[in-house]
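Student: Just passing along the structure, written as C-alpha cells.
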Amino acid sequence: MTGAFASQHLPNPLRDVYVVRLGHILSGDAQSIVRLVRGDMTGDDHRVKMVVRALEYMAEWDGNDCHLDDNGMQFALDMADETTTAQLIEWLGSHARRIEYVDAFRCDGDNQAQSVMEEICGGYCREAEDVYDKVLQWLKDHDVG
C-alpha cells in the first residue's frame with residue numbers, strides 16, 4: 001500500500017471513500033479499472049502505473065484548487081515531472097500506440113515544444129490525462145467518487 005491509501009483519517013470525503021473501500025478497490029475493482037484503462041495495451045506496466053498514480057492523486061485531492069474533473073492536466077504534468085528522459089524513451093518504445101499520443105500532441109495548436117523530447121513528454125502527458133479521465137469516469141460509474 002502506498003501513502004495515499006494509508007489508513008489515516010483525513011477530512012477529504014473522496015479519500016474517506018477510498019479508505020473505506022480500499023480492500024475492494026485494490027482487489028477486484030483495481031483489476032477492473034486496469035482492464036478498462038489499458039484497453040489494447042495489455043500487460044503494459046506504464047499504463048498500470050498511471051492507473052495507480054491516478055487513484056492516489058484523486059485520494060490526495062484536497063478540493064481547494066478546482067473540481068476533481070478539472071485536475072487531469074495537472075495530474076499529467078505532475079506525472080511528467082516525476083519522469084526522467086530515459087523513462088520517457090522507454091515509455092515511447094514500449095507500445096506502438098504511444099506514437100499516436102505524441103502525434104496528437106504535435107498537432108495541437110497550443111504545442112510550443114522545441115525539441116523531440118518535449119514532444120515525447122507532451123505525448124506522455126496526453127496519455128496520463130487520458131488515463132486520469134478514464135479512471136475518474138470508472139469511479140463515477142461505480143459510485144465511488
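Residue numbering restarts at 1 for every chain of the C-alpha cells, chains are lettered A, B, ... in their displayed order, and ligands are numbered from 1 as they appear.
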Applying 7 Å and only C-alpha atoms, which residues near range 127-137 of chain A remain after dropping the ones on its own chain fewer than 6 positions away? List them as a list of chain:residue names.

Tutor: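 Here the qualifying residues turn out to be A:Ile33, A:Val37, A:Met50, A:Val51, A:Ala54, A:Gly72, A:Met73, A:Phe75, A:Ala76, A:Tyr101.
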
Student: Name the residues of range 65-132 of chain A that fall into alpha helix (DSSP H) according to DSSP on the backbone, using the chain letters and numbers of this document, as a ChimeraX atom specification.

Tutor: /A:72-81,85-93,98-107,116-132

Student: Go ahead and write the residues just picked, N, CA and C atoms, as a short mmCIF file (atom, residue, chain, number, x, y, z; two decimals), in the first residue's frame.

Tutor:
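Once everything was written out, this is selection-v7.cif:
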data_model
loop_
_atom_site.label_atom_id
_atom_site.label_comp_id
_atom_site.auth_asym_id
_atom_site.auth_seq_id
_atom_site.Cartn_x
_atom_site.Cartn_y
_atom_site.Cartn_z
N GLY A 72 -7.15 16.68 -14.48
CA GLY A 72 -6.45 15.74 -15.35
C GLY A 72 -5.14 16.26 -15.89
N MET A 73 -5.13 17.50 -16.36
CA MET A 73 -3.89 18.06 -16.92
C MET A 73 -2.85 18.25 -15.82
N GLN A 74 -3.27 18.70 -14.64
CA GLN A 74 -2.31 18.86 -13.55
C GLN A 74 -1.71 17.51 -13.15
N PHE A 75 -2.56 16.48 -13.11
CA PHE A 75 -2.07 15.13 -12.85
C PHE A 75 -1.02 14.74 -13.88
N ALA A 76 -1.31 14.99 -15.15
CA ALA A 76 -0.38 14.64 -16.23
C ALA A 76 0.94 15.38 -16.08
N LEU A 77 0.88 16.66 -15.76
CA LEU A 77 2.10 17.44 -15.57
C LEU A 77 2.91 16.93 -14.38
N ASP A 78 2.22 16.57 -13.30
CA ASP A 78 2.91 16.00 -12.14
C ASP A 78 3.59 14.68 -12.50
N MET A 79 2.89 13.85 -13.27
CA MET A 79 3.49 12.58 -13.71
C MET A 79 4.75 12.84 -14.54
N ALA A 80 4.66 13.81 -15.45
CA ALA A 80 5.80 14.13 -16.31
C ALA A 80 6.98 14.65 -15.48
N ASP A 81 6.69 15.45 -14.45
CA ASP A 81 7.76 15.97 -13.59
C ASP A 81 8.51 14.86 -12.87
N THR A 85 14.17 11.45 -18.62
CA THR A 85 14.28 11.33 -20.08
C THR A 85 14.38 9.86 -20.48
N ALA A 86 15.18 9.10 -19.77
CA ALA A 86 15.31 7.67 -20.09
C ALA A 86 13.97 6.95 -19.94
N GLN A 87 13.20 7.31 -18.93
CA GLN A 87 11.88 6.68 -18.74
C GLN A 87 10.92 7.08 -19.85
N LEU A 88 11.00 8.32 -20.34
CA LEU A 88 10.16 8.74 -21.45
C LEU A 88 10.48 7.96 -22.72
N ILE A 89 11.76 7.76 -22.97
CA ILE A 89 12.16 7.00 -24.16
C ILE A 89 11.69 5.55 -24.03
N GLU A 90 11.82 4.98 -22.85
CA GLU A 90 11.35 3.61 -22.62
C GLU A 90 9.83 3.54 -22.77
N TRP A 91 9.13 4.55 -22.26
CA TRP A 91 7.67 4.61 -22.40
C TRP A 91 7.28 4.62 -23.87
N LEU A 92 7.92 5.47 -24.66
CA LEU A 92 7.60 5.59 -26.08
C LEU A 92 7.82 4.27 -26.82
N GLY A 93 8.91 3.58 -26.50
CA GLY A 93 9.25 2.34 -27.18
C GLY A 93 8.49 1.13 -26.69
N ARG A 98 1.74 4.44 -28.63
CA ARG A 98 2.18 5.67 -27.97
C ARG A 98 2.56 6.76 -28.97
N ILE A 99 2.92 6.36 -30.18
CA ILE A 99 3.21 7.35 -31.23
C ILE A 99 1.98 8.21 -31.48
N GLU A 100 0.79 7.61 -31.35
CA GLU A 100 -0.46 8.36 -31.56
C GLU A 100 -0.59 9.49 -30.54
N TYR A 101 -0.20 9.23 -29.30
CA TYR A 101 -0.26 10.29 -28.28
C TYR A 101 0.71 11.42 -28.61
N VAL A 102 1.90 11.06 -29.08
CA VAL A 102 2.89 12.08 -29.44
C VAL A 102 2.39 12.86 -30.66
N ASP A 103 1.87 12.16 -31.66
CA ASP A 103 1.34 12.84 -32.85
C ASP A 103 0.19 13.78 -32.50
N ALA A 104 -0.69 13.34 -31.61
CA ALA A 104 -1.82 14.19 -31.19
C ALA A 104 -1.29 15.45 -30.52
N PHE A 105 -0.26 15.30 -29.71
CA PHE A 105 0.33 16.47 -29.06
C PHE A 105 0.97 17.38 -30.10
N ARG A 106 1.68 16.80 -31.07
CA ARG A 106 2.35 17.59 -32.10
C ARG A 106 1.36 18.39 -32.93
N CYS A 107 0.16 17.86 -33.14
CA CYS A 107 -0.86 18.52 -33.95
C CYS A 107 -1.66 19.56 -33.17
N VAL A 116 12.40 17.22 -29.76
CA VAL A 116 11.74 15.92 -29.86
C VAL A 116 11.36 15.41 -28.47
N MET A 117 12.24 15.60 -27.49
CA MET A 117 11.94 15.13 -26.13
C MET A 117 10.74 15.88 -25.54
N GLU A 118 10.60 17.14 -25.83
CA GLU A 118 9.43 17.88 -25.35
C GLU A 118 8.15 17.34 -26.00
N GLU A 119 8.25 16.94 -27.27
CA GLU A 119 7.08 16.35 -27.94
C GLU A 119 6.74 14.99 -27.34
N ILE A 120 7.77 14.19 -27.04
CA ILE A 120 7.53 12.89 -26.40
C ILE A 120 6.90 13.10 -25.03
N CYS A 121 7.40 14.08 -24.28
CA CYS A 121 6.83 14.38 -22.97
C CYS A 121 5.38 14.85 -23.11
N GLY A 122 5.10 15.61 -24.14
CA GLY A 122 3.73 16.04 -24.41
C GLY A 122 2.82 14.85 -24.69
N GLY A 123 3.32 13.86 -25.43
CA GLY A 123 2.56 12.64 -25.68
C GLY A 123 2.33 11.86 -24.40
N TYR A 124 3.35 11.82 -23.55
CA TYR A 124 3.22 11.15 -22.26
C TYR A 124 2.13 11.82 -21.43
N CYS A 125 2.12 13.14 -21.43
CA CYS A 125 1.08 13.89 -20.70
C CYS A 125 -0.30 13.59 -21.27
N ARG A 126 -0.39 13.50 -22.59
CA ARG A 126 -1.68 13.17 -23.21
C ARG A 126 -2.18 11.82 -22.70
N GLU A 127 -1.30 10.83 -22.66
CA GLU A 127 -1.72 9.52 -22.18
C GLU A 127 -2.10 9.58 -20.70
N ALA A 128 -1.30 10.25 -19.90
CA ALA A 128 -1.59 10.34 -18.47
C ALA A 128 -2.94 11.01 -18.24
N GLU A 129 -3.24 12.06 -18.98
CA GLU A 129 -4.53 12.73 -18.83
C GLU A 129 -5.67 11.82 -19.27
N ASP A 130 -5.45 11.07 -20.34
CA ASP A 130 -6.45 10.11 -20.82
C ASP A 130 -6.73 9.05 -19.75
N VAL A 131 -5.68 8.53 -19.15
CA VAL A 131 -5.84 7.53 -18.09
C VAL A 131 -6.60 8.13 -16.90
N TYR A 132 -6.21 9.32 -16.49
CA TYR A 132 -6.88 10.01 -15.38
C TYR A 132 -8.38 10.12 -15.65
#

Student: Between A:Glu82, A:Ala59, A:Asn111, A:Ser94, which has the minimum distance to Asp44 in chain A (counting only C-alpha atoms)?

Tutor: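 Comparing A:Glu82, A:Ala59, A:Asn111, A:Ser94 against Asp44 in chain A, the winner is A:Ser94.
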
Student: Tell me which of A:Trp138, A:Ser115, A:His95, A:Asp108 sits closest to His46 in chain A, counting only C-alpha atoms.

Tutor: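 That would be A:His95, the residue with the smallest distance to His46 in chain A.
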
Student: With only C-alpha atoms as the basis for distance, which of A:Asp110, A:Tyr57, A:Asp69, A:Thr84 is at the shortest distance from Lys140 in chain A?

Tutor: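 Closest to Lys140 in chain A, using only C-alpha atoms: A:Asp69.
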